[in-house]
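Worksheet: the structure to be examined is printed underneath.
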Amino acid sequence: MSTASRSDSVRGGGQETGGPRIVVGVGGGIAAYKACALVRRFTETGHQVRVIPTASALEFVGKATFEALSGNPVHTDVFSDVPEVPHVRLGQEADLVVIAPATADLMARAAQGRADDLLTATLLTARCPILFAPAMHTEMWEHPATQENVATLRKHGAIVMEPAHGRLTGADTGAGRLPEPEEIFALASLLQERADAIPRDLEGRRVVITAGGTREPLDPVRFLGNRSSGKQGYALARVAAQRGAQVTLIAGNTIEMAAPAAVELVHVTTAEQLKTAVDKHAVGADAVIMAAAVADFRPTSVAAAKIKKGAGEPDVIELTKTEDILAGLVQARRDGRLTDTAIVGFAAETGDEHGDVLTHARAKLARKGCDLLVVNAVGEGKAFEVDTNDGWLLGADGTEQALDHGSKALLASRVLDALGPLLRK
């Protein structure tokens with residue numbers, strides 16, 4: 001979605017920048033305090049932010065807080081700044097509307113088309129992507145009335161996130177926790193890159209995704225590893241879950257990241273542990289996406305104590321090949337142990353005297369036998385340990401698609417687009 005056509009300043013006072021216009025709606029729930037971190041994230045990245053809380057939201061976070069963080073006035077009713085007609089203008093001029101937290105009451109009023117406060121009136125006039133981040137007790141989220149309202153909002157074109165599972169108000173735990181602000185921000189940013197990036201096209205599908213690098217121990221201190229951060233695998237899991245899939249994320253070594261909302265997270269360390277987890281969870285899955293950076297070799301023997309310099313220091317460390325998990329999945333499908341499972345591989349490549357990145361990637365696709373291969377050219381500041389990515393998507397049918405540079409969530413959405421036709425087959 002292009003935001004360049006919007007006007008360059010906020011009328012009616014407040015900040016004046018050329019960034020995208022974001023409306024942050026805040027419902028009246030205890031999770032309203034997390035909206036402060038979300039507003040700050042938007043403003044720090046150059047967005048023009050208008051916060052529209054409900055009256056009950058101000059029982060949890062005061063108006064002055066939202067005004068200080070956004071740099072703009074905050075109102076809840078349609079009778080403030082009447083000459084500016086805010087209940088119409090704010091929605092018309094917005095590039096994105098994010099509701100966090102979206103309470104059961106707020107979603108019910110939005111689904112009914114109510115316009116009894118500034119926020120619901122703004123929702124009726126907005127023609128940009130609208131993202132709801134629900135937060136409520138599990139019983140409220142699972143109630144048929146709430147689920148019908150969610151279905152209505154989605155039918156009208158809004159994106160309603162799956163809530164996180166975790167600690168709620170008091171001692172309760174379950175589905176209904178507000179996703180972390182960073183996750184909401186990531187999906188909001190994705191919608192700015194591509195407004196149609198989160199369709200509900202994976203409902204009823206089971207998807208297994210691997211992420212991060214493996215660590216192969218040499219002794220209690222040292223290991224063989226790689227530079228994978230796990231960000232791409234986490235982005236795939238996050239987007240797939242919000243597109244309706246039941247996602248199991250098998251994560252090796254990653255940077256510290258919160259588990260994506262509505263995702264089952266399984267932690268592993270070594271390539272052998274990763275293979276065991278993949279073999280277990282791939283059974284009955286509609287798709288397996290191998291985004292993890294799996295070690296090709298492991299030390300043949302692991303020392304029981306730290307290897308010290310000098311006496312006892314080995315002259316050579318022998319390595320043994322690890323099992324090829326991706327090729328093993330393809331073989332399991334050929335043998336009938338996996339039925340109708342789409343298999344997606346990842347390849348981190350560099351060019352050398354034998355060929356460029358695509359030459360090596362095409363050979364790998366033929367050798368592995370997977371349905372799709374995502375190819376990333378790696379190097380300093382590329383693919384590993386950064387927030388952006390690009391590359392190519394190679395199909396077993398000979399098709400090749402360039403994946404433009406953008407966020408890792410954007411690349412994830414492109415990969416999931418290509419997965420869709422395989423699942424329909």
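Just remember, in the structure tokens the first chain shown is A, the second B, etc., residues are 1-based per chain, and ligands are 1-based in the order shown.
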
For this session: Name the residues of segment 198-295 of chain A that come out as strand (DSSP E or B) in a backbone DSSP run; write them as a ChimeraX atom specification.
Result: /A:206-211,213,216-217,223-224,246-251,253,263-267,287-290,293

For this session: Considering only C-alpha atoms, return as a count of residues only whatever protein or nucleic-acid residues lie within 12 Å of Lys308 of chain A, sequence-local ones (same chain, fewer than 3 positions apart) excluded.
Result: 11

Exercise. Suppose you want the space between atom CA of Cys370 of chain A and atom CA of Gly345 of chain A; what is it in Å?
Worked result: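 Atom CA of Gly345 of chain A lies at a distance of 6.6 Å from atom CA of Cys370 of chain A.
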
Seminar exercise, completed: Closest of A:Val330, A:Val415, A:Ala164, A:Leu106 to Asp279 of chain A, counting only C-alpha atoms, is A:Val330

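Here the question is which of A:Val268, A:Ile22, A:Leu419, A:Ala396 gets nearest to Val288 of chain A using only C-alpha atoms, and that residue is A:Leu419.
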
Exercise. Which distance in Å separates atom CA of Ser80 of chain A and atom CA of Thr120 of chain A, to one decimal?
Worked result: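 Result for atom CA of Ser80 of chain A versus atom CA of Thr120 of chain A: 15.0 Å, one decimal.
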
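Considering only C-alpha atoms, the residue among A:Leu365, A:Ala195, A:Ala342, A:Leu411 positioned nearest to Val239 of chain A is A:Leu411.
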
Exercise. Among segment 133-358 of chain A, which residues carry a DSSP assignment of helix (DSSP H, G or I), reported as a PyMOL selection string?
Worked result: chain A and resi 138-142+144-155+181-193+231-242+271-282+325-334+357-358

For this session: Determine, counting only C-alpha atoms, which protein, DNA and RNA residues have an atom within 12 Å of an atom of Ala145 of chain A; residues of the same chain fewer than 2 positions away are not included. Present the result as a PyMOL selection string.
Result: chain A and resi 104-105+107-109+111-112+139-143+147-152

For this session: For Val302 of chain A, list every protein, DNA or RNA residue within 7 Å, evaluated using only C-alpha atoms, and leave out those in the same chain fewer than 3 positions away; present the list as a PyMOL selection string.
Result: chain A and resi 217-219+299

Seminar exercise, completed: Among A:Gly157, A:Gly351, A:Gly336, A:Gly29, Val283 of chain A is approached most closely, using only C-alpha atoms, by A:Gly336

Exercise. Taking into account only C-alpha atoms, which residue in the set A:Gly225, A:Gly391, A:Gly28, A:Gly244 is nearest to Val374 of chain A?
Worked result: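 Between A:Gly225, A:Gly391, A:Gly28, A:Gly244, the residue approaching Val374 of chain A most closely is A:Gly391.
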
If you take only C-alpha atoms and a cut-off of 10 Å, which residues of segment 8-122 of chain A touch segment 177-194 of chain A, and what are their nearest atom pairs and distances in Å to one decimal, in chain and number order, as a tab-separated table?
residue	atom	partner	partner_atom	distance
A:Pro20	CA	A:Gln192	CA	8.8
A:Ile22	CA	A:Ala188	CA	9.6
A:Ile30	CA	A:Leu178	CA	9.9
A:Ala31	CA	A:Leu178	CA	6.7
A:Ala32	CA	A:Leu178	CA	9.4
A:Lys34	CA	A:Pro181	CA	6.6
A:Ala35	CA	A:Pro181	CA	7.2
A:Cys36	CA	A:Pro181	CA	8.9
A:Ala37	CA	A:Pro181	CA	6.4
A:Leu38	CA	A:Pro181	CA	5.2
A:Val39	CA	A:Pro181	CA	9.0
A:Arg40	CA	A:Pro181	CA	10.0
A:Arg41	CA	A:Phe185	CA	7.4
A:Phe42	CA	A:Phe185	CA	7.7
A:Asp95	CA	A:Gln192	CA	7.8
A:Leu96	CA	A:Gln192	CA	7.4
A:Val97	CA	A:Ala188	CA	8.7
A:Val98	CA	A:Ala188	CA	7.4
A:Ile99	CA	A:Ile184	CA	9.6
A:Ala100	CA	A:Leu178	CA	7.8
A:Pro101	CA	A:Leu178	CA	6.6
A:Ala102	CA	A:Leu178	CA	8.6
A:Thr103	CA	A:Leu178	CA	9.8

Exercise. Which value, in Å to one decimal, gives the distance between atom CA of Arg414 of chain A and atom CA of Arg367 of chain A?
Worked result: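 For atom CA of Arg414 of chain A relative to atom CA of Arg367 of chain A, the distance reads 23.7 Å.
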
For this session: Have a look at A:Ala363, A:Ile255, A:Leu358, A:Leu118 and name the one nearest to Asn376 of chain A; count only C-alpha atoms.
Result: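 Of all the options, A:Leu358 lies closest to Asn376 of chain A.
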